[in-house]
Each structure stands twice: as structure tokens, then as C-alpha cells.
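File shown: entry_10.cif. Contents: mmCIF, C-alpha atoms and all ligand atoms.
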data_target
#
loop_
_atom_site.group_PDB
_atom_site.id
_atom_site.type_symbol
_atom_site.label_atom_id
_atom_site.label_comp_id
_atom_site.auth_asym_id
_atom_site.auth_seq_id
_atom_site.Cartn_x
_atom_site.Cartn_y
_atom_site.Cartn_z
ATOM 1 C CA MET A 9 37.492 26.532 -2.526
ATOM 2 C CA PRO A 10 41.202 26.684 -3.295
ATOM 3 C CA GLN A 11 42.639 30.149 -2.852
ATOM 4 C CA THR A 12 45.768 31.534 -4.426
ATOM 5 C CA PRO A 13 46.801 34.187 -1.883
ATOM 6 C CA ALA A 14 47.107 32.143 1.343
ATOM 7 C CA ILE A 15 49.915 29.636 0.970
ATOM 8 C CA SER A 16 48.697 27.690 4.010
ATOM 9 C CA ASP A 17 45.304 27.222 2.315
ATOM 10 C CA LEU A 18 47.031 26.167 -0.880
ATOM 11 C CA ASP A 19 49.015 23.523 0.968
ATOM 12 C CA ARG A 20 45.848 22.237 2.520
ATOM 13 C CA CYS A 21 44.009 22.218 -0.804
ATOM 14 C CA LYS A 22 46.924 20.401 -2.408
ATOM 15 C CA GLU A 23 46.777 17.772 0.267
ATOM 16 C CA CYS A 24 43.060 17.179 -0.184
ATOM 17 C CA LYS A 25 43.496 17.333 -3.984
ATOM 18 C CA GLY A 26 40.947 20.084 -4.491
ATOM 19 C CA LYS A 27 38.039 17.990 -3.278
ATOM 20 C CA CYS A 28 35.472 20.820 -3.221
ATOM 21 C CA CYS A 29 36.292 21.806 -6.835
ATOM 22 C CA SER A 30 36.019 18.255 -8.131
ATOM 23 C CA TYR A 31 32.250 17.759 -8.055
ATOM 24 C CA PHE A 32 28.987 19.625 -7.819
ATOM 25 C CA CYS A 33 25.676 18.847 -6.156
ATOM 26 C CA LEU A 34 22.136 19.646 -7.211
ATOM 27 C CA GLN A 35 19.095 19.183 -5.017
ATOM 28 C CA ILE A 36 16.515 16.878 -6.587
ATOM 29 C CA ASP A 37 12.860 16.232 -5.790
ATOM 30 C CA THR A 38 12.372 13.792 -2.941
ATOM 31 C CA PRO A 39 11.129 10.593 -4.578
ATOM 32 C CA LYS A 40 8.041 9.005 -3.041
ATOM 33 C CA GLU A 41 6.473 6.859 -5.749
ATOM 34 C CA TYR A 42 7.961 4.044 -7.829
ATOM 35 C CA ASP A 43 8.253 6.152 -10.992
ATOM 36 C CA GLU A 44 10.025 8.940 -9.070
ATOM 37 C CA PHE A 45 12.563 6.441 -7.745
ATOM 38 C CA GLU A 46 13.045 5.312 -11.338
ATOM 39 C CA ASP A 47 14.129 8.857 -12.232
ATOM 40 C CA VAL A 48 16.789 8.659 -9.531
ATOM 41 C CA ARG A 49 17.842 5.217 -10.771
ATOM 42 C CA TRP A 50 18.342 6.794 -14.179
ATOM 43 C CA TYR A 51 20.775 9.331 -12.666
ATOM 44 C CA LEU A 52 22.696 6.470 -11.072
ATOM 45 C CA CYS A 53 22.961 4.636 -14.378
ATOM 46 C CA HIS A 54 25.434 7.362 -15.428
ATOM 47 C CA GLU A 55 29.124 7.237 -14.648
ATOM 48 C CA ASN A 56 30.472 9.482 -11.882
ATOM 49 C CA VAL A 57 27.060 10.246 -10.413
ATOM 50 C CA ASN A 58 26.076 9.590 -6.793
ATOM 51 C CA VAL A 59 22.911 10.452 -4.923
ATOM 52 C CA HIS A 60 22.620 11.165 -1.228
ATOM 53 C CA ILE A 61 20.040 12.091 1.397
ATOM 54 C CA ASP A 62 21.352 14.784 3.706
ATOM 55 C CA GLU A 63 20.788 15.139 7.428
ATOM 56 C CA ASP A 64 17.545 17.084 6.808
ATOM 57 C CA GLY A 65 16.135 14.388 4.525
ATOM 58 C CA ASP A 66 16.738 16.379 1.319
ATOM 59 C CA TRP A 67 17.905 14.503 -1.761
ATOM 60 C CA TYR A 68 20.918 15.557 -3.838
ATOM 61 C CA MET A 69 22.551 14.354 -7.005
ATOM 62 C CA GLN A 70 26.348 14.615 -6.883
ATOM 63 C CA VAL A 71 28.237 14.816 -10.166
ATOM 64 C CA LEU A 72 31.909 13.916 -9.778
ATOM 65 C CA ASN A 73 33.347 16.182 -12.411
ATOM 66 C CA ARG A 74 36.376 18.391 -11.866
ATOM 67 C CA CYS A 75 36.104 22.132 -12.458
ATOM 68 C CA GLN A 76 38.012 23.097 -15.599
ATOM 69 C CA PHE A 77 39.603 26.054 -13.755
ATOM 70 C CA LEU A 78 41.324 23.966 -11.114
ATOM 71 C CA ASP A 79 45.011 23.775 -12.005
ATOM 72 C CA GLU A 80 47.458 20.933 -11.423
ATOM 73 C CA ASN A 81 48.475 22.498 -8.077
ATOM 74 C CA TYR A 82 44.832 22.519 -6.981
ATOM 75 C CA ALA A 83 44.613 26.324 -7.175
ATOM 76 C CA CYS A 84 41.826 28.269 -8.858
ATOM 77 C CA THR A 85 42.982 29.877 -12.108
ATOM 78 C CA ILE A 86 40.066 32.339 -12.127
ATOM 79 C CA TYR A 87 40.234 33.207 -8.453
ATOM 80 C CA ASN A 88 39.328 36.900 -8.926
ATOM 81 C CA ASP A 89 36.451 35.999 -11.215
ATOM 82 C CA ARG A 90 35.254 32.823 -9.510
ATOM 83 C CA PRO A 91 31.486 32.270 -9.234
ATOM 84 C CA LEU A 92 29.590 33.468 -6.167
ATOM 85 C CA LEU A 93 29.061 29.911 -5.006
ATOM 86 C CA CYS A 94 32.825 29.473 -4.692
ATOM 87 C CA ARG A 95 33.008 32.725 -2.705
ATOM 88 C CA LYS A 96 30.441 31.435 -0.209
ATOM 89 C CA TYR A 97 32.645 28.472 0.585
ATOM 90 C CA THR A 98 34.202 29.103 3.991
ATOM 91 C CA ASP A 99 36.399 27.394 6.521
ATOM 92 C CA GLU A 100 33.239 26.129 8.219
ATOM 93 C CA THR A 101 32.107 24.308 5.082
ATOM 94 C CA CYS A 102 35.549 23.235 3.814
ATOM 95 C CA GLU A 103 35.489 19.453 3.692
ATOM 96 C CA ASP A 104 38.956 19.344 5.176
ATOM 97 C CA THR A 105 37.494 20.920 8.328
ATOM 98 C CA VAL A 106 34.077 19.298 8.347
ATOM 99 C CA HIS A 107 35.109 15.671 7.643
ATOM 100 C CA GLY A 108 31.895 14.463 6.081
ATOM 101 C CA TYR A 109 28.494 16.063 5.974
ATOM 102 C CA GLY A 110 26.588 13.427 7.934
ATOM 103 C CA TYR A 111 24.500 12.072 5.079
ATOM 104 C CA GLN A 112 21.665 9.738 6.063
ATOM 105 C CA LYS A 113 22.182 7.606 2.969
ATOM 106 C CA GLU A 114 24.420 7.490 -0.076
ATOM 107 C CA PHE A 115 23.723 5.608 -3.295
ATOM 108 C CA HIS A 116 26.519 4.813 -5.722
ATOM 109 C CA THR A 117 24.776 2.238 -7.901
ATOM 110 C CA PRO A 118 21.269 1.539 -9.234
ATOM 111 C CA GLU A 119 21.295 -1.682 -7.172
ATOM 112 C CA GLU A 120 21.875 0.219 -3.918
ATOM 113 C CA LEU A 121 18.908 2.430 -4.737
ATOM 114 C CA ASP A 122 16.708 -0.538 -5.646
ATOM 115 C CA ALA A 123 17.389 -2.092 -2.241
ATOM 116 C CA TYR A 124 16.296 1.176 -0.613
ATOM 117 C CA VAL A 125 13.126 1.351 -2.739
ATOM 118 C CA VAL A 126 12.178 -2.186 -1.724
ATOM 119 C CA GLU A 127 12.722 -1.206 1.915
ATOM 120 C CA THR A 128 10.722 2.021 1.533
ATOM 121 C CA LEU A 129 7.773 0.940 -0.613
ATOM 122 C CA GLY A 130 7.713 -2.680 0.493
ATOM 123 C CA ARG A 131 8.547 -5.491 -1.901
ATOM 124 C CA GLU A 132 4.949 -6.099 -2.903
ATOM 125 C CA GLU A 133 4.286 -2.546 -4.049
ATOM 126 C CA TYR A 134 7.732 -2.332 -5.652
ATOM 127 C CA GLU A 135 7.112 -5.410 -7.770
ATOM 128 C CA GLN A 136 3.486 -4.539 -8.585
ATOM 129 C CA GLU A 137 4.406 -1.048 -9.727
ATOM 130 C CA MET A 138 7.395 -2.277 -11.702
ATOM 131 C CA VAL A 139 5.198 -4.728 -13.591
ATOM 132 C CA ARG A 140 2.292 -2.296 -14.029
ATOM 133 C CA GLN A 141 4.286 0.749 -15.126
ATOM 134 C CA ARG A 142 6.686 -1.075 -17.417
ATOM 135 C CA ALA A 143 3.778 -2.963 -19.032
ATOM 136 C CA LYS A 144 1.999 0.348 -19.583
ATOM 137 C CA HIS A 145 5.036 2.048 -21.149
ATOM 138 C CA GLU A 146 5.841 -0.855 -23.416
ATOM 139 C CA GLU A 147 2.170 -1.477 -24.231
ATOM 140 C CA VAL A 148 2.248 -5.139 -23.314
ATOM 141 C CA SER A 149 0.051 -7.078 -20.903
ATOM 142 C CA THR A 150 1.040 -7.325 -17.255
ATOM 143 C CA GLU A 151 1.341 -11.103 -17.763
ATOM 144 C CA GLU A 152 3.862 -10.565 -20.547
ATOM 145 C CA MET A 153 5.818 -8.064 -18.438
ATOM 146 C CA THR A 154 5.733 -10.385 -15.430
ATOM 147 C CA GLN A 155 7.240 -13.088 -17.605
ATOM 148 C CA ARG A 156 9.988 -10.744 -18.832
ATOM 149 C CA LEU A 157 10.853 -9.411 -15.382
ATOM 150 C CA HIS A 158 10.815 -12.888 -13.943
ATOM 151 C CA SER A 159 13.371 -14.069 -16.468
ATOM 152 C CA LEU A 160 15.491 -11.021 -15.568
ATOM 153 C CA GLY A 161 15.396 -12.155 -11.934
ATOM 154 C CA LYS A 162 13.683 -8.922 -10.837
ATOM 155 C CA LEU A 163 10.674 -10.545 -9.152
ATOM 156 C CA LYS A 164 10.632 -12.508 -5.932
ATOM 157 C CA LEU A 165 6.956 -12.340 -4.961
ATOM 158 C CA ILE A 166 5.067 -12.119 -8.229
ATOM 159 C CA ARG A 167 5.219 -15.285 -10.306
ATOM 160 C CA PRO A 168 4.279 -15.643 -13.944
ATOM 161 C CA LYS A 169 1.084 -17.625 -14.511
ATOM 162 C CA THR A 170 1.924 -21.213 -15.358
ATOM 163 C CA PRO A 171 0.413 -22.170 -18.702
ATOM 164 C CA ASN A 172 -2.678 -24.396 -18.444
ATOM 165 C CA PRO A 173 -1.509 -27.818 -19.682
ATOM 166 C CA LYS A 174 -4.886 -28.483 -21.347
ATOM 167 C CA GLY A 175 -4.915 -25.067 -22.996
ATOM 168 C CA THR A 176 -8.330 -24.239 -21.483
ATOM 169 C CA SER A 177 -9.194 -21.348 -19.180
HETATM 170 S S1 LIG A 201 37.858 21.071 0.551
HETATM 171 FE FE1 LIG A 201 38.929 22.678 1.696
HETATM 172 S S2 LIG A 201 41.062 22.045 1.686
HETATM 173 FE FE2 LIG A 201 40.009 20.878 0.080
HETATM 174 S S3 LIG A 201 40.269 22.076 -1.781
HETATM 175 FE FE3 LIG A 201 38.351 22.717 -0.862
HETATM 176 S S4 LIG A 201 38.919 24.510 0.419
HETATM 177 FE FE4 LIG A 201 40.792 23.402 -0.059
HETATM 178 S S1 LIG A 202 35.970 28.321 -10.212
HETATM 179 FE FE1 LIG A 202 37.794 28.087 -8.983
HETATM 180 S S2 LIG A 202 37.104 27.992 -6.864
HETATM 181 FE FE2 LIG A 202 35.345 27.645 -8.192
HETATM 182 S S3 LIG A 202 35.161 25.404 -8.419
HETATM 183 FE FE3 LIG A 202 36.412 26.147 -10.117
HETATM 184 S S4 LIG A 202 38.518 26.007 -9.389
HETATM 185 FE FE4 LIG A 202 37.187 25.876 -7.626
#
Have the structure of the file written as C-alpha cells, please.
Ligand code: SF4
Ligand code: SF4
Amino acid sequence: MPQTPAISDLDRCKECKGKCCSYFCLQIDTPKEYDEFEDVRWYLCHENVNVHIDEDGDWYMQVLNRCQFLDENYACTIYNDRPLLCRKYTDETCEDTVHGYGYQKEFHTPEELDAYVVETLGREEYEQEMVRQRAKHEEVSTEEMTQRLHSLGKLKLIRPKTPNPKGTS
């Protein structure tokens, strides 16, 4: 975290534009099922939010939002009263030293996550669950939901039933 006393640190922090004070990360539950991935997709629908999987396989939501106490010179204006978390930040964890944390995966958009969900669950389960769970929540039949998702271009495997031309079952 930017420090006021050491001018060399300040120069460094200025150069990196206060990277470590410009976002925060929260660990989130590791998604396994379709609906849990949907929660993560909801995070990614928001501006300035990324999600990543770290080197241990833990999932984190990263909110790119600058700390209000970082001044225009990238120094901390509440240095003597800064939170404990900022005090734990050391040269070993400074991003200027570490150069990337070796994430396994990073997601910046809902589409990037969707591609990962298809890869993880398999397309068949992904599509089946999307149809089933959305139909359930909107209280429509799975046929109706299949039709809707098909017209949105979300389905590649599941096809809507073609209407019987004679109108009989
Ligand atoms: S990442 Fe390192 S160099 Fe950059 S602002 Fe934080 S402490 Fe300073
Ligand atoms: S309180 Fe100070 S050290 Fe902590 S994130 Fe904000 S500017 Fe950085």
C-alpha cells in the first residue's frame, strides 16, 4: 500500500498509479452447479467487476474501485489510521514486485464465464439446466422456455419441438 514516509516507495507507487489501492477482492463460494455459476454471472453483469480463480483453485470477485483515501499523488491520506489489511501489505505482496499472482483463470465478461461453464458442466447439462431452471423461475413450461432461449441463440443442442402440421399429438 502506498506509504508517505519512504520517498522511494512513493515514487514506485506513483509509477504504478496506486494499483493495490484501486480495487478490492472478496473470496466467493466455488461454483459447482449451474445456478451457482449464474450467481457469478450476475457479479460479472456489473461494471468494474472481474472474477478470478487463484493458483489454489479458490474463487474471488475483484471490484475495481479506487479507495477514497488515495490522493492524486498515489499516497495514503490516512496512513497512520489505515486499516489492518493495508498494514499487512508488504514488499512480498506488492504487485510491483510480484508481477501478477498466477491466476488460473480470469473472467471479465458474462460471456467468458459462460464459455467456462459449458466447458466445465458440458454443453448438454448446461443447456438442460438453463432451460429447466429458467422455466421453473418464470413458471412456464420447458417447451416455452426452450423456444425463448432458442430465439435468443442460447441453445445449440436442444431444439424447440416443431409444431405438428396436422395439429394432432
Ligand atoms: S502495488 Fe506496490 S508499488 Fe503499487 S501502489 Fe501498491 S505498494 Fe505501491
Ligand atoms: S486506506 Fe490508504 S493504504 Fe489503504 S487502500 Fe486506502 S489509500 Fe491505500
#### Entry: Contacts with ligand LIG 201 (chain A) at most 6 Å, all atoms listed in the file counted, listed as an MDAnalysis selection string
chainID A and resid 9:10 20:21 24 26:28 102:104
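The closest residue to A:His54, picked from A:Pro91, A:Gly110, A:Pro118, A:Pro39 and counting all atoms listed in the file, is A:Pro118.
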Per residue of chain A within 7 Å of ligand LIG 202 (chain A), record the nearest atom pair and its distance in Å to one decimal, counting all atoms listed in the file, with rows in chain order and ascending residue number, as a Markdown table.
| residue | atom | partner | partner_atom | distance |
| --- | --- | --- | --- | --- |
| A:Met9 | CA | A:LIG202 | S2 | 4.6 |
| A:Pro10 | CA | A:LIG202 | S2 | 5.6 |
| A:Cys28 | CA | A:LIG202 | FE4 | 6.9 |
| A:Cys29 | CA | A:LIG202 | S3 | 4.1 |
| A:Cys75 | CA | A:LIG202 | FE3 | 4.7 |
| A:Gln76 | CA | A:LIG202 | FE3 | 6.5 |
| A:Phe77 | CA | A:LIG202 | S4 | 4.5 |
| A:Leu78 | CA | A:LIG202 | S4 | 3.9 |
| A:Ala83 | CA | A:LIG202 | S4 | 6.5 |
| A:Cys84 | CA | A:LIG202 | FE1 | 4.0 |
| A:Thr85 | CA | A:LIG202 | FE1 | 6.3 |
| A:Ile86 | CA | A:LIG202 | FE1 | 5.8 |
| A:Tyr87 | CA | A:LIG202 | FE1 | 5.7 |
| A:Arg90 | CA | A:LIG202 | S1 | 4.6 |
| A:Pro91 | CA | A:LIG202 | S1 | 6.1 |
| A:Cys94 | CA | A:LIG202 | FE2 | 4.7 |
Selected residues, C-alpha atoms, written as a tab-separated table (two decimals), in the coordinates of the input, please.
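Listing of selection.tsv after writing:
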chain	number	residue	atom	x	y	z
A	9	MET	CA	37.49	26.53	-2.53
A	10	PRO	CA	41.20	26.68	-3.30
A	28	CYS	CA	35.47	20.82	-3.22
A	29	CYS	CA	36.29	21.81	-6.84
A	75	CYS	CA	36.10	22.13	-12.46
A	76	GLN	CA	38.01	23.10	-15.60
A	77	PHE	CA	39.60	26.05	-13.76
A	78	LEU	CA	41.32	23.97	-11.11
A	83	ALA	CA	44.61	26.32	-7.18
A	84	CYS	CA	41.83	28.27	-8.86
A	85	THR	CA	42.98	29.88	-12.11
A	86	ILE	CA	40.07	32.34	-12.13
A	87	TYR	CA	40.23	33.21	-8.45
A	90	ARG	CA	35.25	32.82	-9.51
A	91	PRO	CA	31.49	32.27	-9.23
A	94	CYS	CA	32.83	29.47	-4.69
### Summary
Restricting to all atoms listed in the file, whichever of A:Arg156, A:Asn81, A:Val106, A:Glu114 is closest to A:Val57 is A:Glu114
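For A:Leu34, the set of protein, DNA and RNA residues having any atom at most 10 Å away, when counting only C-alpha atoms and skipping those fewer than 4 positions along the same chain, is A:Val59, A:Trp67, A:Tyr68, A:Met69, A:Gln70, A:Val71.
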